[in-house]
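For reference, the structure is listed below as structure tokens.
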Amino acid sequence: MAFLHAAGSKVSSLKEKRSLLPYLLLAPGIIWLFTFFVLPIANLARTSTQTPTANGDTGSYEQTFRFANYVDAFLDNKEQFSRSFIYAFLATVLALAIAYPLAYGIAFKSGKYKNLLLVLVVAPFFTSFLLRTIAWKQILGEEGPVIAVLRGIHIIGENTSLTASAFAVVTGMTYNFLPFMTLPLYASLERIDPRTMEAAGDLYANAFTTFRKVTLPLSMPGVVAGTLLTFIPAAGDYVNAAILGNPNTKMLGNVIESRFFKIVDYPTAAALSFTLMAAILILVTIYIRKAGTEELV
Amino acid sequence: MADASSSTRGDLRIVNVTKSFGDFTAVDDLTLTIPEGSFFALLGPSGCGKTTTLRMVAGLEEPTQGSIHIGTTDITHSRPYQRPVNTVFQNYALFPHLSIYENIAFGLRRRGIKDVKEAVDKILNLVELPHLAQRKPLQLSGGQQQRIALARAIVNRPALLLLDEPLGALDLKLRRQMQIELKWIQTEVGITFVHVTHDQEEAMTMADTIAVMNEGKVEQMGTPADLYDNPKTAFVANFLGQSNLIEGRIEGNDGDNHVVDVFGQKIKINKNRSHAKDSSVLAGIRPEKIRIQPAGTAMSGNVLTGGVISDASYIGVSTQYQIEMPWKQELMVFEQNDDGVPPLEKGDPVTLSWEPVFTFALDGREDAFAGSEVHADEE
């Protein structure tokens, strides 16, 4: 027994040493997050309740804990707020509609071309986000192929253009975030045991029922991940609206950008940032609850 | 969808079916009739075409040529969901997002059957897992998942139940238990079971009839006892249990027996068990049929002298000997440890004998090792 005790204490001291290891491994990440996320956020929170200094210098503010900043900021930009979420929602739905068949095809029907197709999905990342958005402007532009085709088949009139419109902003976001939708969908479809689909067919389900009852539910983790990865950045995006939109398609991101860098109204910009963050957080929480993906394996 | 339990019944007939994948012929002009209500095993090494055959019956592959019928209905080209056939998949393929109850109810709901609850409860009782109805498949053990996969298939009362290596993922003890259980359930429900396996013991334990497949063809079909006692090819002799195959030459006849010369010694082989094409034969004898005695003991029946024990392994219930014969072939002998005599030892000179009725004869041009090396690959 004594021997066992001795051995036991040795093991426990070894365990103590080991128990520090995870924290050591986490340290770089924690330091990074603290410096570049927690501190700026705290700073932003501080800024959001400041008011202009008495001497009236542009860009100089003092802390007065004026929480009404939030109310003012929201009321002044209600329109851009709702527009951000509507555009992000439309872009997410569009991206899902395009990415699901694409991911399904790559996962189950592509055979030896699987890797090539995956590379093609990721390929846009090799150019910058800005360049891609500018390219999208070219594609939709007056000289571009899209407008020629649409005019050719009389879907749009001779005087209608596609750029500088809500259409351009939403499709631009769809295009830019498509890989973020496709990859999680692919990963989750790829994991499905094809035999479960065969089993559904064996148990009297036709192709459509098999998809509805087996494939789609099993790919829900991918649907949830993909829609989040698209919706969250899309809701805060300002590049697409800036390059592809017009003054009437401004999103909250554009307002925050101009308040920060043009008007130097830091408190309003900070308050808007926090409101946007909170709104996204609430929406996402409700969404994940509703989707019930925590039950999925 | 008509009720699968009444629409199509009868024997499963596979007629001249060939399945090719590119240049590779997985199933080669296969013709089989599986009687209604039987427990039928397709036995063979991996790549022999047994699973492809099963998938064609399930509708998951389409034959390149030939046709498949249940009773009088041609099902060759019908979709999987149109066939009165259900499958227990290898690794079960249970739906991970559905409860056990919903897994079992899946086929019933698709066919619009009323009284789903009654049918599901009944089948859960049959497999003795009614308490697990609300669990998810991954919360179950392998043996439980296996039984649920079986329940999910037979609740539909198909004309035909296909089992694709259903016990392959279970450990040995559980596999033995499930073999007995499967056999019992088959008798209970009376559905035709077609069972694909590479495990000869599993096939012999459960099946009424076994078809041994090799390279896309059926080597031999029959009851387990038929196949074991009277194999027609070296592949069957070696794949189903173990065999000693000794080269010999038919020298003459003695009543119902051939007299065969094996390296200068004479043995008898019953003509009913001879599959020789001409005088050149492989004389076959199962290791447990051979009696072993110290050299010089007088023995009756077929006798081979001049052997020396090159290896003896005591494994409790029996002792397994390797005997080196004068023509440098090693023969296997399994002897029950039931006579109180201590086992013989390595180096002892011995005489072997057996009843002539246990001998079988194969075509002498066959590869004596066909089918023996595949076991090692499988396990």
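Labels for the structure tokens follow display order: chains A, B, ..., residues from 1 in each chain, ligands from 1.
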### Query
Once you count only C-alpha atoms, which residues of chain A turn out to be within 10 Å of chain B? Could you give them as a list in words?
Ile192, Asp193, Pro194, Arg195, Thr196, Met197, Glu198, Ala199, Ala200, Gly201, Asp202, Leu203, Tyr204, Ala205, Asn206, Ala207, Thr209, Lys213, Val214, Thr215, Pro217, Leu218, Glu295, Leu296 and Val297 of chain A
### Query
What's the 8 Å shell around region 121-125 of chain B, counting only C-alpha atoms, without same-chain residues fewer than 3 positions away, as a list in words?
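Returned residues: Lys117, Glu118, Glu128, Leu129, Pro130, Ala133, Ile148, Ala151 and Val155 of chain B.
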### Task
Compare B:Ala276, B:Leu182, B:Leu140, B:Met213 by their minimum atom-to-atom distance to Ser46 (chain B), counting only C-alpha atoms, and give me the closest one.
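Ranking B:Ala276, B:Leu182, B:Leu140, B:Met213 by distance to Ser46 (chain B), first place goes to B:Met213.
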#### Entry: Residue list (strand (DSSP E), DSSP) for region 10-255 of chain A, as a list of chain:residue names
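Output for region 10-255 of chain A, strand (DSSP E) only: A:Gln50, A:Thr51, A:Pro52, A:Tyr61, A:Glu62, A:Gln63.
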Could I get the residues of region 173-252 of chain A with an atom no further than 12 Å from an atom of region 114-128 of chain A, each paired with its nearest atom pair and that distance in Å to one decimal, using only C-alpha atoms, sorted by chain and residue number, as CSV?
residue,atom,partner,partner_atom,distance
A:Tyr175,CA,A:Pro124,CA,9.7
A:Asn176,CA,A:Pro124,CA,8.4
A:Phe177,CA,A:Pro124,CA,10.2
A:Leu178,CA,A:Val121,CA,8.4
A:Pro179,CA,A:Val121,CA,5.9
A:Phe180,CA,A:Val122,CA,9.1
A:Met181,CA,A:Val121,CA,10.3
A:Thr182,CA,A:Val121,CA,7.6
A:Leu183,CA,A:Val121,CA,8.0
A:Pro184,CA,A:Leu118,CA,11.8
A:Leu185,CA,A:Leu118,CA,11.9
A:Tyr186,CA,A:Leu118,CA,9.1
A:Ala187,CA,A:Leu118,CA,10.8
A:Glu190,CA,A:Lys114,CA,10.9
A:Val239,CA,A:Ser128,CA,11.8
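Considering the residues B:His195, B:Tyr101, B:Glu181, B:Arg176 and counting only C-alpha atoms, Arg55 (chain B) has its shortest atom-to-atom contact with B:His195.
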### Task
Apply DSSP to the backbone of this structure and, from region 50-254 of chain B, keep only the residues in helix (DSSP H, G or I); write these as a ChimeraX atom specification.
/B:50-58,80-82,100-110,116-126,130-132,137-139,142-154,172-189,200-206,224-229,234-239
Go ahead and write the selection's residues with C-alpha atoms as a PDB file, in the first residue's frame.
ATOM      1  CA  LYS B  50     -20.492 -11.440 -53.675  1.00  0.00           C
ATOM      2  CA  THR B  51     -21.159  -7.873 -52.564  1.00  0.00           C
ATOM      3  CA  THR B  52     -21.681  -6.734 -56.163  1.00  0.00           C
ATOM      4  CA  THR B  53     -24.232  -9.527 -56.555  1.00  0.00           C
ATOM      5  CA  LEU B  54     -26.014  -8.367 -53.429  1.00  0.00           C
ATOM      6  CA  ARG B  55     -26.008  -4.735 -54.586  1.00  0.00           C
ATOM      7  CA  MET B  56     -27.549  -5.748 -57.896  1.00  0.00           C
ATOM      8  CA  VAL B  57     -30.330  -7.564 -56.068  1.00  0.00           C
ATOM      9  CA  ALA B  58     -30.842  -4.471 -53.862  1.00  0.00           C
ATOM     10  CA  PRO B  80     -34.151   0.316 -55.066  1.00  0.00           C
ATOM     11  CA  TYR B  81     -37.243   1.892 -53.483  1.00  0.00           C
ATOM     12  CA  GLN B  82     -39.528  -0.051 -55.830  1.00  0.00           C
ATOM     13  CA  ILE B 100     -33.909   4.525 -33.047  1.00  0.00           C
ATOM     14  CA  TYR B 101     -37.687   4.681 -33.265  1.00  0.00           C
ATOM     15  CA  GLU B 102     -37.592   6.926 -36.341  1.00  0.00           C
ATOM     16  CA  ASN B 103     -34.875   4.829 -37.928  1.00  0.00           C
ATOM     17  CA  ILE B 104     -37.088   1.772 -37.724  1.00  0.00           C
ATOM     18  CA  ALA B 105     -40.201   3.724 -38.744  1.00  0.00           C
ATOM     19  CA  PHE B 106     -38.445   5.180 -41.819  1.00  0.00           C
ATOM     20  CA  GLY B 107     -39.480   2.513 -44.315  1.00  0.00           C
ATOM     21  CA  LEU B 108     -43.014   2.234 -42.903  1.00  0.00           C
ATOM     22  CA  ARG B 109     -43.564   5.981 -43.170  1.00  0.00           C
ATOM     23  CA  ARG B 110     -42.316   6.074 -46.771  1.00  0.00           C
ATOM     24  CA  VAL B 116     -46.324   2.595 -37.338  1.00  0.00           C
ATOM     25  CA  LYS B 117     -46.047   2.557 -33.577  1.00  0.00           C
ATOM     26  CA  GLU B 118     -47.409  -0.940 -33.220  1.00  0.00           C
ATOM     27  CA  ALA B 119     -45.068  -2.345 -35.865  1.00  0.00           C
ATOM     28  CA  VAL B 120     -42.013  -0.551 -34.466  1.00  0.00           C
ATOM     29  CA  ASP B 121     -42.752  -1.616 -30.889  1.00  0.00           C
ATOM     30  CA  LYS B 122     -43.232  -5.188 -31.997  1.00  0.00           C
ATOM     31  CA  ILE B 123     -39.941  -5.329 -33.862  1.00  0.00           C
ATOM     32  CA  LEU B 124     -38.087  -3.604 -30.998  1.00  0.00           C
ATOM     33  CA  ASN B 125     -39.376  -6.357 -28.742  1.00  0.00           C
ATOM     34  CA  LEU B 126     -38.225  -8.981 -31.221  1.00  0.00           C
ATOM     35  CA  PRO B 130     -37.549  -1.646 -26.613  1.00  0.00           C
ATOM     36  CA  HIS B 131     -35.936   0.610 -23.994  1.00  0.00           C
ATOM     37  CA  LEU B 132     -33.657   2.232 -26.585  1.00  0.00           C
ATOM     38  CA  PRO B 137     -27.720   5.420 -33.092  1.00  0.00           C
ATOM     39  CA  LEU B 138     -24.314   6.657 -31.925  1.00  0.00           C
ATOM     40  CA  GLN B 139     -25.360   6.196 -28.305  1.00  0.00           C
ATOM     41  CA  GLY B 142     -22.014  -2.074 -32.002  1.00  0.00           C
ATOM     42  CA  GLY B 143     -24.127  -5.109 -31.192  1.00  0.00           C
ATOM     43  CA  GLN B 144     -27.174  -2.952 -30.468  1.00  0.00           C
ATOM     44  CA  GLN B 145     -26.695  -0.977 -33.698  1.00  0.00           C
ATOM     45  CA  GLN B 146     -26.497  -4.252 -35.555  1.00  0.00           C
ATOM     46  CA  ARG B 147     -29.825  -5.378 -34.145  1.00  0.00           C
ATOM     47  CA  ILE B 148     -31.453  -2.024 -34.917  1.00  0.00           C
ATOM     48  CA  ALA B 149     -30.199  -2.233 -38.511  1.00  0.00           C
ATOM     49  CA  LEU B 150     -31.809  -5.657 -38.716  1.00  0.00           C
ATOM     50  CA  ALA B 151     -35.020  -4.371 -37.130  1.00  0.00           C
ATOM     51  CA  ARG B 152     -35.143  -1.390 -39.509  1.00  0.00           C
ATOM     52  CA  ALA B 153     -35.035  -3.794 -42.451  1.00  0.00           C
ATOM     53  CA  ILE B 154     -37.328  -6.625 -41.342  1.00  0.00           C
ATOM     54  CA  LEU B 172     -15.753 -12.642 -31.968  1.00  0.00           C
ATOM     55  CA  LYS B 173     -17.876 -13.402 -28.925  1.00  0.00           C
ATOM     56  CA  LEU B 174     -20.657 -11.035 -29.942  1.00  0.00           C
ATOM     57  CA  ARG B 175     -20.472 -12.339 -33.487  1.00  0.00           C
ATOM     58  CA  ARG B 176     -21.111 -15.900 -32.294  1.00  0.00           C
ATOM     59  CA  GLN B 177     -24.076 -14.749 -30.252  1.00  0.00           C
ATOM     60  CA  MET B 178     -25.507 -12.716 -33.134  1.00  0.00           C
ATOM     61  CA  GLN B 179     -25.121 -15.669 -35.516  1.00  0.00           C
ATOM     62  CA  ILE B 180     -27.438 -17.721 -33.357  1.00  0.00           C
ATOM     63  CA  GLU B 181     -29.797 -14.778 -32.905  1.00  0.00           C
ATOM     64  CA  LEU B 182     -29.952 -14.027 -36.646  1.00  0.00           C
ATOM     65  CA  LYS B 183     -30.735 -17.629 -37.407  1.00  0.00           C
ATOM     66  CA  TRP B 184     -33.485 -17.610 -34.782  1.00  0.00           C
ATOM     67  CA  ILE B 185     -34.975 -14.369 -36.122  1.00  0.00           C
ATOM     68  CA  GLN B 186     -34.952 -15.747 -39.664  1.00  0.00           C
ATOM     69  CA  THR B 187     -36.898 -18.800 -38.520  1.00  0.00           C
ATOM     70  CA  GLU B 188     -39.246 -16.530 -36.580  1.00  0.00           C
ATOM     71  CA  VAL B 189     -40.088 -14.129 -39.427  1.00  0.00           C
ATOM     72  CA  GLN B 200     -16.847 -19.534 -43.621  1.00  0.00           C
ATOM     73  CA  GLU B 201     -17.722 -20.364 -40.042  1.00  0.00           C
ATOM     74  CA  GLU B 202     -20.413 -17.690 -40.034  1.00  0.00           C
ATOM     75  CA  ALA B 203     -21.862 -19.023 -43.282  1.00  0.00           C
ATOM     76  CA  MET B 204     -21.845 -22.608 -42.031  1.00  0.00           C
ATOM     77  CA  THR B 205     -23.429 -21.726 -38.678  1.00  0.00           C
ATOM     78  CA  MET B 206     -26.376 -19.891 -40.176  1.00  0.00           C
ATOM     79  CA  PRO B 224     -22.737 -26.702 -45.379  1.00  0.00           C
ATOM     80  CA  ALA B 225     -22.218 -30.463 -44.892  1.00  0.00           C
ATOM     81  CA  ASP B 226     -22.185 -31.067 -48.668  1.00  0.00           C
ATOM     82  CA  LEU B 227     -19.581 -28.420 -49.266  1.00  0.00           C
ATOM     83  CA  TYR B 228     -17.420 -29.512 -46.376  1.00  0.00           C
ATOM     84  CA  ASP B 229     -17.498 -33.251 -46.971  1.00  0.00           C
ATOM     85  CA  ALA B 234      -9.496 -27.074 -54.471  1.00  0.00           C
ATOM     86  CA  PHE B 235     -10.741 -23.536 -53.807  1.00  0.00           C
ATOM     87  CA  VAL B 236     -13.790 -24.816 -51.925  1.00  0.00           C
ATOM     88  CA  ALA B 237     -11.749 -27.487 -50.125  1.00  0.00           C
ATOM     89  CA  ASN B 238      -9.308 -24.875 -48.850  1.00  0.00           C
ATOM     90  CA  PHE B 239     -11.644 -21.920 -48.327  1.00  0.00           C
TER      91      PHE B 239
END
#### Entry: Within 7 Å of region 162-169 of chain A using only C-alpha atoms, minus same-chain residues under 3 positions, as a ChimeraX atom specification
/A:137,140-141,172-173,240-241,244-246,249
Take the residues from that selection and put them in a file with N, CA and C atoms, as a JSON list (two decimals), in the first residue's frame.
[["chain", "number", "residue", "atom", "x", "y", "z"],
["A", 137, "LYS", "N", -17.67, 44.81, -60.75],
["A", 137, "LYS", "CA", -18.20, 46.04, -61.35],
["A", 137, "LYS", "C", -18.04, 45.99, -62.86],
["A", 140, "LEU", "N", -20.56, 43.53, -64.43],
["A", 140, "LEU", "CA", -21.93, 44.05, -64.51],
["A", 140, "LEU", "C", -22.02, 45.35, -65.31],
["A", 141, "GLY", "N", -20.86, 45.91, -65.65],
["A", 141, "GLY", "CA", -20.80, 47.24, -66.27],
["A", 141, "GLY", "C", -21.41, 47.29, -67.67],
["A", 172, "GLY", "N", -22.74, 41.22, -55.58],
["A", 172, "GLY", "CA", -21.31, 41.34, -55.29],
["A", 172, "GLY", "C", -20.97, 40.64, -53.98],
["A", 173, "MET", "N", -21.81, 40.82, -52.98],
["A", 173, "MET", "CA", -21.56, 40.15, -51.70],
["A", 173, "MET", "C", -21.72, 38.64, -51.86],
["A", 240, "ASN", "N", -18.47, 46.30, -50.76],
["A", 240, "ASN", "CA", -19.39, 46.06, -51.87],
["A", 240, "ASN", "C", -20.31, 47.25, -52.10],
["A", 241, "ALA", "N", -20.84, 47.80, -50.98],
["A", 241, "ALA", "CA", -21.74, 48.94, -51.12],
["A", 241, "ALA", "C", -20.99, 50.16, -51.64],
["A", 244, "LEU", "N", -19.92, 49.05, -55.50],
["A", 244, "LEU", "CA", -20.98, 48.63, -56.43],
["A", 244, "LEU", "C", -22.30, 49.38, -56.22],
["A", 245, "GLY", "N", -22.38, 50.15, -55.15],
["A", 245, "GLY", "CA", -23.67, 50.74, -54.81],
["A", 245, "GLY", "C", -23.80, 52.20, -55.24],
["A", 246, "ASN", "N", -24.87, 52.84, -54.72],
["A", 246, "ASN", "CA", -25.08, 54.27, -54.91],
["A", 246, "ASN", "C", -25.45, 54.84, -53.55],
["A", 249, "THR", "N", -27.86, 52.93, -51.40],
["A", 249, "THR", "CA", -27.63, 51.54, -51.01],
["A", 249, "THR", "C", -26.60, 51.46, -49.89]]
